[in-house]
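See structure below.
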Amino acid sequence: SPKLIIEDLHVSVEDKEILKGVNLEINGGEVHAIMGPNGTGKSTLAQAIMGHPKYEVTKGRVLLDGENVLEMEVNERALKGLFLAMQYPSEVSGVTNSDFLRSAINARRGEGNEISLMKFIRQLDEKMELLGIDESFAQRYLNEGFSGGEKKRNEILQMMMLEPRIAILDEIDSGLDIDSIKVVANGVNSMRSPNLGVLIITHYQRLLNYIKPDFVHVIMQGRIVRSGGPELALQLEERGYDWIKEELGIED
Ligand code: ADP
Ligand code: MG
Ligand code: MG
């Protein structure tokens, strides 16, 4: 069962310290939600774990099954089973969704263990159906001309095909209507198992009505300032973030 440990993580962007000591442990079978006001470092956490070059880790460790992922090349992190669904997925011209997925899966499976074409197509069909994705989609170029909702569904399709050990989903609900949110949530829920730990990053509680988290954490000014169960998310929905700021004596 996978285990991700984030230990005293400090991250700077353009010499400004954004994360100031984040600690978090995610185990297989668990869904954690990180919530917080805009600009408090939620995406910074995701980007630093995945190794985006703009996000400089100045202190701390991130251990996946005991190995420090911060010392790995970016593609190695993916091969070890880290998955990031991004807030702003990018377009790639000249590569079809199907090609992209197949090479990503094969990279993760390793040489000599490639997925057969038949099996790949069967899995792709099955998962596209579950996500309500049109058949023509597989032969379209990666994210090109996709609506916001289609990009999000595609991210979840990627996750389902790649079978990561730890998945980080950053604002996968942003810009989605309620039906799309349900579809995306269904996809994530269908993957819940002891072999997967999930970190959901979201500004709003809404998504958590459909993907029920085991743990909820609030991040403010670069630190986790509150942790609790699903009831914490409901409390935030009702009362906003200001009461936590007041309790902590934070001014903005
Ligand atoms: P959140 O996801 O919680 O809304 P972010 O992690 O995106 O917040 O941003 C936290 C802070 O870091 C903000 O002040 C933001 O302006 C800054 N920041 C994040 N990414 C970048 C970047 N690529 N370049 C410059 N500043 C950044
Ligand atoms: Mg933001
Ligand atoms: Mg963000």
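Chain lettering (A, B, ...) mirrors the order of the structure tokens, residue numbering begins at 1 for each chain separately, and ligand numbering begins at 1 in order of display.
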Name the residues, by chain letter and number, that sit within 8 Å of ligand 3 using only C-alpha atoms and all ligand atoms, and give them as a PDB file with N, CA and C atoms, in the first residue's frame.
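Wrote pocket_21.pdb, looks like this:
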ATOM      1  N   ASN A  38      -7.590  31.611  -1.809  1.00  0.00           N
ATOM      2  CA  ASN A  38      -6.732  31.758  -2.989  1.00  0.00           C
ATOM      3  C   ASN A  38      -5.373  32.326  -2.610  1.00  0.00           C
ATOM      4  N   GLY A  39      -4.356  31.819  -3.279  1.00  0.00           N
ATOM      5  CA  GLY A  39      -3.015  32.381  -3.107  1.00  0.00           C
ATOM      6  C   GLY A  39      -2.301  31.951  -1.848  1.00  0.00           C
ATOM      7  N   GLY A  41      -0.953  28.855  -1.392  1.00  0.00           N
ATOM      8  CA  GLY A  41       0.096  27.878  -1.646  1.00  0.00           C
ATOM      9  C   GLY A  41      -0.380  26.477  -1.978  1.00  0.00           C
ATOM     10  N   LYS A  42      -1.655  26.317  -2.277  1.00  0.00           N
ATOM     11  CA  LYS A  42      -2.187  24.975  -2.573  1.00  0.00           C
ATOM     12  C   LYS A  42      -1.546  24.402  -3.846  1.00  0.00           C
ATOM     13  N   SER A  43      -1.586  25.198  -4.919  1.00  0.00           N
ATOM     14  CA  SER A  43      -0.995  24.707  -6.168  1.00  0.00           C
ATOM     15  C   SER A  43       0.525  24.600  -6.052  1.00  0.00           C
ATOM     16  N   THR A  44       1.101  25.486  -5.261  1.00  0.00           N
ATOM     17  CA  THR A  44       2.551  25.420  -5.034  1.00  0.00           C
ATOM     18  C   THR A  44       2.941  24.069  -4.447  1.00  0.00           C
ATOM     19  N   GLN A  87      -4.402  22.221 -12.657  1.00  0.00           N
ATOM     20  CA  GLN A  87      -5.433  23.247 -12.714  1.00  0.00           C
ATOM     21  C   GLN A  87      -5.589  23.746 -14.150  1.00  0.00           C
ATOM     22  N   ASP A 170      -5.600  18.954  -8.532  1.00  0.00           N
ATOM     23  CA  ASP A 170      -5.621  20.377  -8.189  1.00  0.00           C
ATOM     24  C   ASP A 170      -6.781  21.070  -8.891  1.00  0.00           C
ATOM     25  N   GLU A 171      -7.773  21.478  -8.139  1.00  0.00           N
ATOM     26  CA  GLU A 171      -8.932  22.221  -8.655  1.00  0.00           C
ATOM     27  C   GLU A 171      -9.555  21.524  -9.865  1.00  0.00           C
ATOM     28  N   ILE A 201      -7.132  19.004  -4.032  1.00  0.00           N
ATOM     29  CA  ILE A 201      -6.945  20.413  -3.699  1.00  0.00           C
ATOM     30  C   ILE A 201      -8.145  21.178  -4.227  1.00  0.00           C
ATOM     31  N   THR A 202      -8.827  21.861  -3.354  1.00  0.00           N
ATOM     32  CA  THR A 202     -10.004  22.590  -3.820  1.00  0.00           C
ATOM     33  C   THR A 202     -10.290  23.810  -2.955  1.00  0.00           C
TER      34      THR A 202
END
Output as a Markdown table one row per residue of chain A within 12 Å of ligand 1: the closest atom pair and its distance in Å to one decimal place, counting only C-alpha atoms and all ligand atoms, sorted by chain and residue number ascending.
| residue | atom | partner | partner_atom_place_in_ligand_line | distance |
| --- | --- | --- | --- | --- |
| A:Val11 | CA | ligand 1 | 12 (O) | 9.5 |
| A:Ser12 | CA | ligand 1 | 12 (O) | 8.1 |
| A:Val13 | CA | ligand 1 | 26 (N) | 5.7 |
| A:Glu14 | CA | ligand 1 | 25 (C) | 6.3 |
| A:Asp15 | CA | ligand 1 | 25 (C) | 9.5 |
| A:Lys16 | CA | ligand 1 | 12 (O) | 7.9 |
| A:Glu17 | CA | ligand 1 | 12 (O) | 8.2 |
| A:Ile18 | CA | ligand 1 | 12 (O) | 5.6 |
| A:Leu19 | CA | ligand 1 | 10 (C) | 8.2 |
| A:Lys20 | CA | ligand 1 | 10 (C) | 11.4 |
| A:Ile34 | CA | ligand 1 | 3 (O) | 9.4 |
| A:Met35 | CA | ligand 1 | 3 (O) | 8.2 |
| A:Gly36 | CA | ligand 1 | 3 (O) | 6.4 |
| A:Pro37 | CA | ligand 1 | 3 (O) | 6.2 |
| A:Asn38 | CA | ligand 1 | 4 (O) | 3.7 |
| A:Gly39 | CA | ligand 1 | 8 (O) | 3.4 |
| A:Thr40 | CA | ligand 1 | 3 (O) | 4.0 |
| A:Gly41 | CA | ligand 1 | 6 (O) | 3.2 |
| A:Lys42 | CA | ligand 1 | 3 (O) | 3.7 |
| A:Ser43 | CA | ligand 1 | 2 (O) | 3.7 |
| A:Thr44 | CA | ligand 1 | 6 (O) | 3.6 |
| A:Leu45 | CA | ligand 1 | 6 (O) | 6.6 |
| A:Ala46 | CA | ligand 1 | 6 (O) | 8.1 |
| A:Gln47 | CA | ligand 1 | 6 (O) | 8.2 |
| A:Ala48 | CA | ligand 1 | 6 (O) | 9.6 |
| A:His52 | CA | ligand 1 | 23 (N) | 9.1 |
| A:Pro53 | CA | ligand 1 | 23 (N) | 9.4 |
| A:Lys54 | CA | ligand 1 | 23 (N) | 6.1 |
| A:Tyr55 | CA | ligand 1 | 23 (N) | 7.4 |
| A:Glu56 | CA | ligand 1 | 23 (N) | 10.7 |
| A:Met86 | CA | ligand 1 | 2 (O) | 10.7 |
| A:Gln87 | CA | ligand 1 | 2 (O) | 8.8 |
| A:Tyr88 | CA | ligand 1 | 7 (O) | 11.2 |
| A:Leu169 | CA | ligand 1 | 2 (O) | 11.6 |
| A:Asp170 | CA | ligand 1 | 2 (O) | 8.1 |
| A:Glu171 | CA | ligand 1 | 2 (O) | 8.5 |
| A:Ser174 | CA | ligand 1 | 2 (O) | 11.8 |
| A:Ile200 | CA | ligand 1 | 2 (O) | 11.8 |
| A:Ile201 | CA | ligand 1 | 2 (O) | 8.2 |
| A:Thr202 | CA | ligand 1 | 2 (O) | 8.5 |
| A:His203 | CA | ligand 1 | 3 (O) | 7.9 |
| A:Tyr204 | CA | ligand 1 | 4 (O) | 11.6 |
| A:Val218 | CA | ligand 1 | 3 (O) | 10.4 |
| A:Ile219 | CA | ligand 1 | 3 (O) | 7.9 |
| A:Met220 | CA | ligand 1 | 3 (O) | 8.2 |
| A:Gln221 | CA | ligand 1 | 10 (C) | 8.5 |
| A:Gly222 | CA | ligand 1 | 10 (C) | 8.0 |
| A:Arg223 | CA | ligand 1 | 3 (O) | 10.9 |
| A:Ile224 | CA | ligand 1 | 3 (O) | 11.6 |
Could you go through range 109-207 of chain A and tell me which residues DSSP, when run on the backbone, assigns to strand (DSSP E or B), listing them as a VMD selection string? chain A and resid 141 166 to 170 197 to 201
Those same residues, written as a compact mmCIF listing (two decimals), in the first residue's frame with C-alpha atoms?
# COMPACT_ATOMS: atom_id res chain seq x y z
CA TYR A 141 -4.83 15.68 -30.34
CA ILE A 166 -0.65 8.70 -5.24
CA ALA A 167 -2.86 11.12 -7.20
CA ILE A 168 -2.89 14.87 -6.64
CA LEU A 169 -5.93 16.59 -8.12
CA ASP A 170 -5.62 20.38 -8.19
CA GLY A 197 -3.89 7.60 -1.96
CA VAL A 198 -5.60 10.79 -3.16
CA LEU A 199 -4.93 14.43 -2.40
CA ILE A 200 -7.71 16.72 -3.57
CA ILE A 201 -6.95 20.41 -3.70
*Spatial neighbours of Val74 in chain A, 8 Å, only C-alpha atoms, chain gap at least 2 places, as a ChimeraX atom specification*: /A:50-52,72,76-78
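Using only C-alpha atoms and all ligand atoms, the shortest contact distance between ligand 2 and any of A:Asp214, A:Lys182, A:Val95, A:Ile172 is found at A:Ile172.
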CA of Glu67 in chain A sits from CA of Ala104 in chain A at a separation of 21.7 Å
Residues near Pro194 in chain A, cut-off 9 Å, only C-alpha atoms, skip fewer than 4 positions along chain, as a list in words: Ser1, Pro2, Asn27, Gly28, Gly29 and Glu30 of chain A
For the selection just defined, write its residues with N, CA and C atoms to a file, as a PDB file, in the first residue's frame.
ATOM      1  N   SER A   1       0.841  -1.213   0.000  1.00  0.00           N
ATOM      2  CA  SER A   1       0.000   0.000   0.000  1.00  0.00           C
ATOM      3  C   SER A   1       0.876   1.263   0.000  1.00  0.00           C
ATOM      4  N   PRO A   2       0.573   2.251  -0.829  1.00  0.00           N
ATOM      5  CA  PRO A   2       1.443   3.416  -0.956  1.00  0.00           C
ATOM      6  C   PRO A   2       1.401   4.333   0.269  1.00  0.00           C
ATOM      7  N   ASN A  27      -1.871   7.881   3.080  1.00  0.00           N
ATOM      8  CA  ASN A  27      -1.722   6.437   2.900  1.00  0.00           C
ATOM      9  C   ASN A  27      -2.673   5.906   1.851  1.00  0.00           C
ATOM     10  N   GLY A  28      -2.340   4.756   1.303  1.00  0.00           N
ATOM     11  CA  GLY A  28      -3.237   4.092   0.375  1.00  0.00           C
ATOM     12  C   GLY A  28      -4.618   3.937   0.996  1.00  0.00           C
ATOM     13  N   GLY A  29      -5.649   4.116   0.191  1.00  0.00           N
ATOM     14  CA  GLY A  29      -7.015   3.987   0.689  1.00  0.00           C
ATOM     15  C   GLY A  29      -7.593   5.280   1.237  1.00  0.00           C
ATOM     16  N   GLU A  30      -6.723   6.284   1.448  1.00  0.00           N
ATOM     17  CA  GLU A  30      -7.199   7.535   2.039  1.00  0.00           C
ATOM     18  C   GLU A  30      -7.416   8.610   0.981  1.00  0.00           C
TER      19      GLU A  30
END
With DSSP run on the backbone, what are the alpha helix (DSSP H) residues within range 30-96 of chain A? I'd like them as a ChimeraX atom specification. /A:42-50,74-79
Requested write-out: N, CA and C atoms of the selected residues, as a PDB file, in the first residue's frame:
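Written file, out-v4.pdb:
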ATOM      1  N   LYS A  42      -1.655  26.317  -2.277  1.00  0.00           N
ATOM      2  CA  LYS A  42      -2.187  24.975  -2.573  1.00  0.00           C
ATOM      3  C   LYS A  42      -1.546  24.402  -3.846  1.00  0.00           C
ATOM      4  N   SER A  43      -1.586  25.198  -4.919  1.00  0.00           N
ATOM      5  CA  SER A  43      -0.995  24.707  -6.168  1.00  0.00           C
ATOM      6  C   SER A  43       0.525  24.600  -6.052  1.00  0.00           C
ATOM      7  N   THR A  44       1.101  25.486  -5.261  1.00  0.00           N
ATOM      8  CA  THR A  44       2.551  25.420  -5.034  1.00  0.00           C
ATOM      9  C   THR A  44       2.941  24.069  -4.447  1.00  0.00           C
ATOM     10  N   LEU A  45       2.130  23.575  -3.529  1.00  0.00           N
ATOM     11  CA  LEU A  45       2.398  22.266  -2.929  1.00  0.00           C
ATOM     12  C   LEU A  45       2.400  21.180  -4.002  1.00  0.00           C
ATOM     13  N   ALA A  46       1.360  21.192  -4.855  1.00  0.00           N
ATOM     14  CA  ALA A  46       1.258  20.186  -5.908  1.00  0.00           C
ATOM     15  C   ALA A  46       2.443  20.289  -6.871  1.00  0.00           C
ATOM     16  N   GLN A  47       2.748  21.497  -7.305  1.00  0.00           N
ATOM     17  CA  GLN A  47       3.816  21.692  -8.296  1.00  0.00           C
ATOM     18  C   GLN A  47       5.183  21.291  -7.730  1.00  0.00           C
ATOM     19  N   ALA A  48       5.407  21.604  -6.464  1.00  0.00           N
ATOM     20  CA  ALA A  48       6.700  21.258  -5.856  1.00  0.00           C
ATOM     21  C   ALA A  48       6.867  19.738  -5.775  1.00  0.00           C
ATOM     22  N   ILE A  49       5.794  19.053  -5.412  1.00  0.00           N
ATOM     23  CA  ILE A  49       5.877  17.587  -5.304  1.00  0.00           C
ATOM     24  C   ILE A  49       6.162  16.976  -6.677  1.00  0.00           C
ATOM     25  N   MET A  50       5.553  17.557  -7.726  1.00  0.00           N
ATOM     26  CA  MET A  50       5.748  17.003  -9.056  1.00  0.00           C
ATOM     27  C   MET A  50       7.047  17.471  -9.709  1.00  0.00           C
ATOM     28  N   VAL A  74      11.882  14.459 -12.905  1.00  0.00           N
ATOM     29  CA  VAL A  74      10.434  14.638 -12.962  1.00  0.00           C
ATOM     30  C   VAL A  74       9.724  13.407 -13.543  1.00  0.00           C
ATOM     31  N   ASN A  75      10.266  12.859 -14.633  1.00  0.00           N
ATOM     32  CA  ASN A  75       9.561  11.713 -15.239  1.00  0.00           C
ATOM     33  C   ASN A  75       9.656  10.465 -14.365  1.00  0.00           C
ATOM     34  N   GLU A  76      10.726  10.399 -13.562  1.00  0.00           N
ATOM     35  CA  GLU A  76      10.870   9.272 -12.639  1.00  0.00           C
ATOM     36  C   GLU A  76       9.761   9.304 -11.578  1.00  0.00           C
ATOM     37  N   ARG A  77       9.381  10.504 -11.181  1.00  0.00           N
ATOM     38  CA  ARG A  77       8.301  10.630 -10.183  1.00  0.00           C
ATOM     39  C   ARG A  77       7.018  10.010 -10.721  1.00  0.00           C
ATOM     40  N   ALA A  78       6.757  10.289 -11.998  1.00  0.00           N
ATOM     41  CA  ALA A  78       5.555   9.712 -12.612  1.00  0.00           C
ATOM     42  C   ALA A  78       5.678   8.195 -12.705  1.00  0.00           C
ATOM     43  N   LEU A  79       6.869   7.732 -13.043  1.00  0.00           N
ATOM     44  CA  LEU A  79       7.065   6.285 -13.157  1.00  0.00           C
ATOM     45  C   LEU A  79       6.884   5.579 -11.818  1.00  0.00           C
TER      46      LEU A  79
END
* To one decimal place, how far is CA of Arg153 in chain A from CA of Leu82 in chain A in Å? ->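 These two atoms are separated by 18.5 Å.
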Leaving out Leu232 in chain A and any residue of its chain fewer than 3 positions from it, which residues lie within 10 Å of it when counting only C-alpha atoms, given as a compact mmCIF listing (two decimals) with N, CA and C atoms, in the first residue's frame?
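Contents of selection.txt, freshly written:
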# COMPACT_ATOMS: atom_id res chain seq x y z
N MET A 35 -7.84 22.47 1.57
CA MET A 35 -8.64 23.63 1.22
C MET A 35 -7.94 24.88 1.72
N GLN A 205 -16.06 23.67 -1.22
CA GLN A 205 -16.46 22.43 -0.59
C GLN A 205 -17.24 21.53 -1.54
N PHE A 215 -10.00 12.95 5.34
CA PHE A 215 -9.36 14.01 6.11
C PHE A 215 -9.44 15.33 5.35
N VAL A 216 -9.63 16.40 6.07
CA VAL A 216 -9.65 17.74 5.47
C VAL A 216 -8.61 18.60 6.18
N HIS A 217 -7.81 19.31 5.38
CA HIS A 217 -6.79 20.19 5.94
C HIS A 217 -6.98 21.59 5.38
N VAL A 218 -6.72 22.57 6.21
CA VAL A 218 -6.80 23.96 5.75
C VAL A 218 -5.39 24.52 5.70
N ARG A 226 -5.22 23.78 10.16
CA ARG A 226 -6.30 23.00 10.77
C ARG A 226 -6.38 21.67 10.03
N SER A 227 -6.65 20.59 10.76
CA SER A 227 -6.95 19.30 10.14
C SER A 227 -8.14 18.69 10.84
N GLY A 228 -8.95 17.99 10.10
CA GLY A 228 -10.12 17.36 10.69
C GLY A 228 -10.73 16.38 9.72
N GLY A 229 -11.98 16.04 9.97
CA GLY A 229 -12.72 15.14 9.09
C GLY A 229 -13.55 15.94 8.12
N GLN A 235 -18.05 23.07 7.58
CA GLN A 235 -17.89 24.27 8.41
C GLN A 235 -17.35 25.43 7.58
N LEU A 236 -16.39 25.13 6.70
CA LEU A 236 -15.80 26.17 5.86
C LEU A 236 -16.82 26.69 4.85
N GLU A 237 -17.62 25.76 4.33
CA GLU A 237 -18.65 26.15 3.38
C GLU A 237 -19.62 27.14 4.03
N GLU A 238 -19.93 26.86 5.27
CA GLU A 238 -20.91 27.69 5.98
C GLU A 238 -20.32 29.00 6.44
(Q) Set the distance at 9 Å and use only C-alpha atoms: which residues neighbour Ile133 in chain A once local chain neighbours fewer than 6 positions away are removed? I'd like the list as an NGL selection string. (A) :A and (127 or 150 or 153-154)
Open item on the list: So the first atom is CA of Arg140 in chain A and the second is CA of Thr96 in chain A; what is the distance between them in Å, to one decimal place?
Closed with: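 Separating CA of Arg140 in chain A from CA of Thr96 in chain A is a distance of 5.2 Å.
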Residues at most 7 Å from range 98-103 of chain A, counting only C-alpha atoms, excluding those fewer than 2 positions away in the same chain, as an mmCIF file with N, CA and C atoms, in the first residue's frame?
data_model
loop_
_atom_site.group_PDB
_atom_site.id
_atom_site.type_symbol
_atom_site.label_atom_id
_atom_site.label_comp_id
_atom_site.auth_asym_id
_atom_site.auth_seq_id
_atom_site.Cartn_x
_atom_site.Cartn_y
_atom_site.Cartn_z
ATOM 1 N N VAL A 95 0.105 14.908 -31.074
ATOM 2 C CA VAL A 95 0.056 13.660 -30.315
ATOM 3 C C VAL A 95 -1.409 13.384 -29.992
ATOM 4 N N THR A 96 -1.895 12.217 -30.399
ATOM 5 C CA THR A 96 -3.297 11.924 -30.087
ATOM 6 C C THR A 96 -3.420 11.496 -28.623
ATOM 7 N N ILE A 105 1.424 4.855 -20.242
ATOM 8 C CA ILE A 105 1.205 3.582 -19.535
ATOM 9 C C ILE A 105 2.426 2.677 -19.692
ATOM 10 N N ASN A 106 2.941 2.607 -20.912
ATOM 11 C CA ASN A 106 4.083 1.725 -21.145
ATOM 12 C C ASN A 106 5.336 2.210 -20.431
ATOM 13 N N ALA A 107 5.490 3.516 -20.354
ATOM 14 C CA ALA A 107 6.631 4.053 -19.603
ATOM 15 C C ALA A 107 6.534 3.629 -18.142
ATOM 16 N N ALA A 138 -10.406 9.676 -28.670
ATOM 17 C CA ALA A 138 -9.119 8.972 -28.604
ATOM 18 C C ALA A 138 -8.174 9.407 -29.722
ATOM 19 N N GLN A 139 -8.745 9.748 -30.877
ATOM 20 C CA GLN A 139 -7.896 10.105 -32.022
ATOM 21 C C GLN A 139 -7.679 11.616 -32.158
ATOM 22 N N GLN A 158 -6.825 9.962 -17.824
ATOM 23 C CA GLN A 158 -5.394 9.668 -17.686
ATOM 24 C C GLN A 158 -5.115 8.986 -16.356
#
